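K.L.:
Handing over structure-v7.txt, compact mmCIF, C-alpha atoms.
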# COMPACT_ATOMS: atom_id res chain seq x y z
CA ASP A 1 0.00 0.00 0.00
CA THR A 2 1.77 3.15 -1.19
CA ASN A 3 -0.33 5.22 1.22
CA LEU A 4 1.54 3.53 4.08
CA TYR A 5 4.94 3.05 2.44
CA PRO A 6 5.62 5.16 -0.65
CA GLN A 7 7.45 3.83 -3.68
CA PRO A 8 11.27 4.25 -3.57
CA LEU A 9 12.77 7.37 -5.09
CA ASN A 10 15.62 5.38 -6.69
CA SER A 11 16.74 1.80 -7.31
CA GLY A 12 18.99 1.57 -4.25
CA LEU A 13 18.25 -0.75 -1.34
CA ARG A 14 18.80 2.13 1.08
CA TYR A 15 18.66 5.91 0.98
CA ASN A 16 15.75 5.44 -1.42
CA GLN A 17 13.20 7.52 0.47
CA SER A 18 13.27 10.82 2.34
CA ASN A 19 11.73 12.41 5.40
CA THR A 20 11.68 16.11 6.16
CA PRO A 21 11.22 16.81 9.90
CA THR A 22 10.23 20.24 11.14
CA ASN A 23 9.55 21.68 14.58
CA HIS A 24 9.04 25.08 16.14
CA LEU A 25 7.99 26.73 19.39
CA ASP A 26 4.80 28.72 19.93
CA SER A 27 4.63 30.61 23.22
CA ASP A 28 1.93 32.95 24.54
CA GLN A 29 1.59 34.55 27.97
CA GLY A 30 -0.66 37.14 29.54
CA ASP A 31 -0.65 38.89 32.95
CA VAL A 32 -3.26 40.92 34.76
CA LYS A 33 -2.63 42.82 37.99
CA ILE A 34 -4.93 45.02 40.07
CA ASP A 35 -3.74 47.24 42.93
CA TYR A 36 -6.34 48.74 45.25
CA LYS A 37 -6.00 50.79 48.41
CA LEU A 38 -8.76 49.65 50.75
CA SER A 39 -8.02 52.34 53.33
CA VAL A 40 -5.23 54.49 54.62
CA ASN A 41 -3.76 51.46 56.37
CA ASP A 42 -4.68 48.67 53.92
CA ASP A 43 -3.18 47.88 50.51
CA PHE A 44 -4.62 45.06 48.39
CA SER A 45 -3.34 43.55 45.14
CA VAL A 46 -4.31 40.65 42.86
CA ARG A 47 -2.29 39.17 40.01
CA TYR A 48 -3.18 36.43 37.53
CA SER A 49 -0.88 34.98 34.84
CA ARG A 50 -1.63 32.46 32.15
CA GLY A 51 0.48 31.05 29.34
CA ARG A 52 1.03 28.11 27.06
CA GLN A 53 3.85 26.65 25.00
CA ASP A 54 3.26 24.37 22.02
CA ILE A 55 6.07 22.47 20.31
CA PRO A 56 4.74 20.72 17.19
CA ALA A 57 7.04 18.36 15.27
CA THR A 58 6.04 17.07 11.84
CA ASN A 59 7.41 14.41 9.46
CA THR A 60 6.68 14.05 5.76
CA PHE A 61 7.13 10.25 5.71
CA PRO A 62 3.74 8.56 6.36
CA LEU A 63 4.98 6.07 8.97
CA ARG A 64 6.87 8.71 10.95
CA TYR A 65 4.26 10.17 13.29
CA ASN A 66 3.83 13.83 14.09
CA ASP A 67 4.33 14.85 17.72
CA LEU A 68 3.05 17.70 19.84
CA THR A 69 4.23 18.81 23.27
CA VAL A 70 1.83 21.12 25.11
CA ALA A 71 2.90 22.98 28.27
CA PRO A 72 0.20 25.23 29.78
CA PHE A 73 0.62 27.10 33.04
CA GLN A 74 -1.32 29.52 35.18
CA ASN A 75 -0.82 31.12 38.57
CA GLY A 76 -2.39 33.72 40.78
CA VAL A 77 -1.60 35.55 44.00
CA VAL A 78 -3.53 37.74 46.44
CA ASN A 79 -1.60 40.10 48.70
CA TRP A 80 -2.93 42.15 51.62
CA THR A 81 -0.64 44.52 53.52
CA ARG A 82 -1.95 46.22 56.67
CA THR A 83 -0.08 48.97 58.46
CA CYS A 84 -1.27 48.62 62.05
CA SER A 85 0.93 51.49 63.26
CA PRO A 86 4.11 53.24 62.13
CA SER A 87 6.07 50.40 63.74
CA ILE A 88 3.86 47.36 63.04
CA VAL A 89 3.13 45.95 59.57
CA ASN A 90 1.46 42.68 58.59
CA GLU A 91 1.54 41.13 55.13
CA LEU A 92 -0.65 38.18 54.11
CA ARG A 93 -0.12 36.37 50.80
CA VAL A 94 -2.07 33.51 49.19
CA GLY A 95 -0.88 31.97 45.91
CA VAL A 96 -1.70 29.11 43.53
CA ASN A 97 0.54 27.81 40.75
CA ARG A 98 -0.38 25.15 38.17
CA ILE A 99 2.09 23.83 35.60
CA GLY A 100 1.56 20.95 33.23
CA PHE A 101 2.79 19.37 30.04
CA SER A 102 1.59 16.57 27.81
CA ASP A 103 2.99 14.66 24.84
CA ILE A 104 0.73 13.69 21.95
CA SER A 105 1.57 11.51 18.95
CA ASP A 106 -0.53 11.78 15.79
CA PRO A 107 -1.01 8.59 13.69
CA LYS A 108 -1.77 10.87 10.72
CA GLY A 109 -4.99 9.12 9.72
CA LEU A 110 -3.37 5.74 9.10
CA GLY A 111 -6.41 3.92 10.47
CA LYS A 112 -5.88 0.25 11.38
CA ALA A 113 -2.58 0.01 9.57
CA ALA A 114 -1.20 -2.73 11.84
CA GLU A 115 -4.14 -5.06 11.23
CA GLN A 116 -4.09 -4.13 7.55
CA LEU A 117 -0.54 -5.50 7.43
CA GLY A 118 -1.68 -8.75 9.07
CA ILE A 119 -0.74 -8.11 12.72
CA SER A 120 -3.56 -9.67 14.74
CA LYS A 121 -5.05 -7.18 17.25
CA GLY A 122 -2.33 -4.74 16.26
CA ASN A 123 -4.77 -1.87 16.67
CA ALA A 124 -6.38 -3.00 19.92
CA ARG A 125 -4.94 0.06 21.70
CA GLY A 126 -5.26 2.65 18.97
CA THR A 127 -4.96 3.49 15.33
CA GLY A 128 -1.83 3.58 13.20
CA LEU A 129 1.09 1.16 13.25
CA LEU A 130 2.81 0.01 16.42
CA GLU A 131 6.60 0.29 16.35
CA LEU A 132 8.42 -2.42 14.40
CA ARG A 133 12.16 -2.64 15.08
CA PHE A 134 14.70 -4.46 12.94
CA THR A 135 18.25 -5.62 13.63
CA GLY A 136 20.91 -6.34 11.03
CA GLY A 137 19.17 -4.69 8.09
CA PHE A 138 19.10 -1.36 6.33
CA ALA A 139 15.92 -0.26 8.12
CA THR A 140 15.92 0.24 11.90
CA SER A 141 12.26 0.92 12.67
CA ILE A 142 8.90 2.04 11.32
CA GLY A 143 5.70 3.01 13.11
CA SER A 144 5.52 4.32 16.66
CA SER A 145 5.03 2.80 20.10
CA ASN A 146 2.81 5.75 21.01
CA ALA A 147 -0.41 7.07 19.50
CA GLY A 148 -2.58 9.83 20.93
CA VAL A 149 -1.89 11.18 24.43
CA TYR A 150 0.82 9.08 26.06
CA ARG A 151 2.23 11.31 28.81
CA VAL A 152 0.61 13.94 31.03
CA ASN A 153 2.19 15.66 34.02
CA THR A 154 0.45 18.32 36.10
CA SER A 155 1.83 20.00 39.21
CA ASN A 156 -0.30 22.13 41.57
CA ASN A 157 1.26 24.27 44.30
CA TYR A 158 -0.73 26.07 47.00
CA GLN A 159 0.91 28.55 49.35
CA VAL A 160 -0.26 30.70 52.26
CA SER A 161 2.24 32.92 54.09
CA ASP A 162 2.09 35.72 56.63
CA ASN A 163 4.83 38.14 57.72
CA PHE A 164 4.47 40.25 60.86
CA THR A 165 7.06 43.01 61.33
CA ILE A 166 7.63 45.02 64.51
CA ILE A 167 10.06 47.94 64.67
CA GLU A 168 11.05 49.31 68.08
CA GLY A 169 13.75 51.92 68.12
CA ARG A 170 16.86 50.45 66.54
CA HIS A 171 15.46 46.92 66.64
CA MET A 172 13.30 45.02 64.15
CA MET A 173 11.65 41.66 64.72
CA LYS A 174 9.91 39.52 62.10
CA LEU A 175 7.39 36.77 62.82
CA GLY A 176 5.31 34.69 60.48
CA PHE A 177 4.38 31.34 59.01
CA GLN A 178 4.16 29.56 55.69
CA VAL A 179 1.97 26.66 54.57
CA LEU A 180 2.85 24.90 51.32
CA ARG A 181 1.00 22.07 49.63
CA ARG A 182 2.29 20.36 46.50
CA GLN A 183 0.24 18.04 44.34
CA ALA A 184 1.65 16.04 41.42
CA ASN A 185 -0.51 14.14 38.94
CA ALA A 186 1.17 11.99 36.29
CA LEU A 187 0.17 9.67 33.47
CA PHE A 188 2.92 7.76 31.66
CA SER A 189 2.37 4.94 29.21
CA GLY A 190 5.71 3.32 30.04
CA ASN A 191 8.95 2.82 28.15
CA TYR A 192 7.18 0.70 25.53
CA GLY A 193 4.44 3.23 24.89
CA ASN A 194 0.68 2.81 24.86
CA GLN A 195 0.78 0.67 21.70
CA GLY A 196 3.93 -1.31 22.40
CA ARG A 197 6.44 -2.57 19.88
CA MET A 198 7.66 -5.69 18.13
CA GLU A 199 11.36 -6.38 17.70
CA PHE A 200 12.84 -8.55 14.97
CA THR A 201 16.34 -9.44 16.15
CA GLY A 202 16.78 -12.58 14.07
CA GLN A 203 16.56 -14.87 17.11
CA PHE A 204 13.12 -16.15 16.12
CA THR A 205 12.70 -14.67 12.65
CA ASN A 206 15.73 -16.02 10.74
CA GLY A 207 15.41 -18.55 7.97
CA PRO A 208 16.19 -22.30 8.42
CA ASP A 209 19.59 -23.11 9.96
CA ALA A 210 21.28 -25.94 8.06
CA ASN A 211 23.51 -26.72 11.04
CA ARG A 212 20.59 -27.13 13.45
CA PRO A 213 19.31 -30.72 13.89
CA ALA A 214 15.74 -31.36 12.80
Would you give me this structure, written as structure tokens?
P.N.:
Amino acid sequence: DTNLYPQPLNSGLRYNQSNTPTNHLDSDQGDVKIDYKLSVNDDFSVRYSRGRQDIPATNTFPLRYNDLTVAPFQNGVVNWTRTCSPSIVNELRVGVNRIGFSDISDPKGLGKAAEQLGISKGNARGTGLLELRFTGGFATSIGSSNAGVYRVNTSNNYQVSDNFTIIEGRHMMKLGFQVLRRQANALFSGNYGNQGRMEFTGQFTNGPDANRPA
């Protein structure tokens, strides 16, 4: 099927086909901050930031999948500073930070290519062609062990802190506390991907051995 494996560009047994890989980085970020004076003694501020990075990678060869790495993030903080007296100041801060990234592999509309090539249940976990590896030949591998979303990592951080400052003459004393909670969520398909792979090393796929007894 030339839709899966195009005809060679020349008569050679290798270097007879080409692949043009491309990748680039798209990054966007926005910030909003509001400062408000509640009273003579109270200052209040809010900030929110949001951004995202996309790294798409494409291949022109049909059996080389396209990949996309997505890394969104957002965070916010609320700050309240109260001047109790010329010598006493309290600052309260609450913040949230969320960072994540995910890897996505695109089978490029290959459908059930593995089963089309005769691999039983080769598309039980997704479309496309699972990775086929070869040893001792001109080709090293075709297909991919991953299709669709195969890795997701998200980290959430929550923080509450308070600083209490007292100034008395030539002396200054600081008191306070900080509470930090970290939450990590991860999805990883494993080293063999969510579709797996088949390796042809010659151990079980060689032709008959004349020196081996029947």
K.L.:
Excluding same-chain residues fewer than 5 positions from Gly122 (chain A), what lies within 10 Å of it counting all atoms listed in the file, as a ChimeraX atom specification?
P.N.:
/A:112-117,127-130,195-197
K.L.:
Around region 38-49 of chain A, fit a box with edges along x, y and z, padding it by 4 Å on each side, then list its centre and edge lengths in Å to one decimal as lines of an AutoDock Vina configuration file.
P.N.:
center_x = -4.8
center_y = 44.7
center_z = 45.6
size_x = 15.9
size_y = 27.5
size_z = 29.5
K.L.:
Report as a tab-separated table the residues of region 168-203 of chain A within 12 Å of region 68-92 of chain A, each with its shortest atom pair and distance in Å (one decimal), using only C-alpha atoms, ordered by chain and increasing residue number.
P.N.:
residue	atom	partner	partner_atom	distance
A:Glu168	CA	A:Ser87	CA	6.7
A:Gly169	CA	A:Ser87	CA	9.0
A:Arg170	CA	A:Ser87	CA	11.1
A:His171	CA	A:Ser87	CA	10.4
A:Met172	CA	A:Ser87	CA	9.0
A:Met173	CA	A:Ile88	CA	9.8
A:Lys174	CA	A:Asn90	CA	9.7
A:Leu175	CA	A:Asn90	CA	9.4
A:Gly176	CA	A:Asn90	CA	9.1
A:Phe177	CA	A:Leu92	CA	9.8
A:Gln178	CA	A:Leu92	CA	10.0
A:Val179	CA	A:Leu92	CA	11.8
K.L.:
Select all residues near (17.2, 2.3, 9.3) (cut-off 12 Å, inclusive, file coordinates), counting only C-alpha atoms, and output them as a VMD selection string.
P.N.:
chain A and resid 13 to 18 132 to 142
K.L.:
Include C-alpha atoms and write out the residues we just selected as a PDB file, keeping the file's coordinate frame.
P.N.:
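Writing done, so here's out31.pdb:
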ATOM      1  CA  LEU A  13      18.250  -0.750  -1.340  1.00  0.00           C
ATOM      2  CA  ARG A  14      18.800   2.130   1.080  1.00  0.00           C
ATOM      3  CA  TYR A  15      18.660   5.910   0.980  1.00  0.00           C
ATOM      4  CA  ASN A  16      15.750   5.440  -1.420  1.00  0.00           C
ATOM      5  CA  GLN A  17      13.200   7.520   0.470  1.00  0.00           C
ATOM      6  CA  SER A  18      13.270  10.820   2.340  1.00  0.00           C
ATOM      7  CA  LEU A 132       8.420  -2.420  14.400  1.00  0.00           C
ATOM      8  CA  ARG A 133      12.160  -2.640  15.080  1.00  0.00           C
ATOM      9  CA  PHE A 134      14.700  -4.460  12.940  1.00  0.00           C
ATOM     10  CA  THR A 135      18.250  -5.620  13.630  1.00  0.00           C
ATOM     11  CA  GLY A 136      20.910  -6.340  11.030  1.00  0.00           C
ATOM     12  CA  GLY A 137      19.170  -4.690   8.090  1.00  0.00           C
ATOM     13  CA  PHE A 138      19.100  -1.360   6.330  1.00  0.00           C
ATOM     14  CA  ALA A 139      15.920  -0.260   8.120  1.00  0.00           C
ATOM     15  CA  THR A 140      15.920   0.240  11.900  1.00  0.00           C
ATOM     16  CA  SER A 141      12.260   0.920  12.670  1.00  0.00           C
ATOM     17  CA  ILE A 142       8.900   2.040  11.320  1.00  0.00           C
TER      18      ILE A 142
END
K.L.:
Rounded to one decimal in Å, what is the spacing between CA of Arg64 (chain A) and CA of Asp28 (chain A)?
P.N.:
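For CA of Arg64 (chain A) relative to CA of Asp28 (chain A), the distance reads 28.2 Å.
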K.L.:
Between A:Arg151, A:His24, A:Arg181, A:Lys33, which is the closest to Phe101 (chain A) once you count all atoms listed in the file?
P.N.:
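Looking only at the distances to Phe101 (chain A), the closest residue turns out to be A:Arg151.
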K.L.:
Using all atoms listed in the file, which protein or nucleic acid residues come within 12 Å of Asp67 (chain A)? Drop anything in the same chain fewer than 3 positions from it, and give the result as a list of chain:residue names.
P.N.:
A:Pro21, A:Thr22, A:Asn23, A:His24, A:Asp54, A:Ile55, A:Pro56, A:Ala57, A:Thr58, A:Asn59, A:Arg64, A:Val70, A:Ser102, A:Asp103, A:Ile104, A:Ser105, A:Asp106, A:Pro107, A:Lys108, A:Ser144, A:Asn146, A:Ala147, A:Gly148, A:Val149, A:Tyr150, A:Arg151
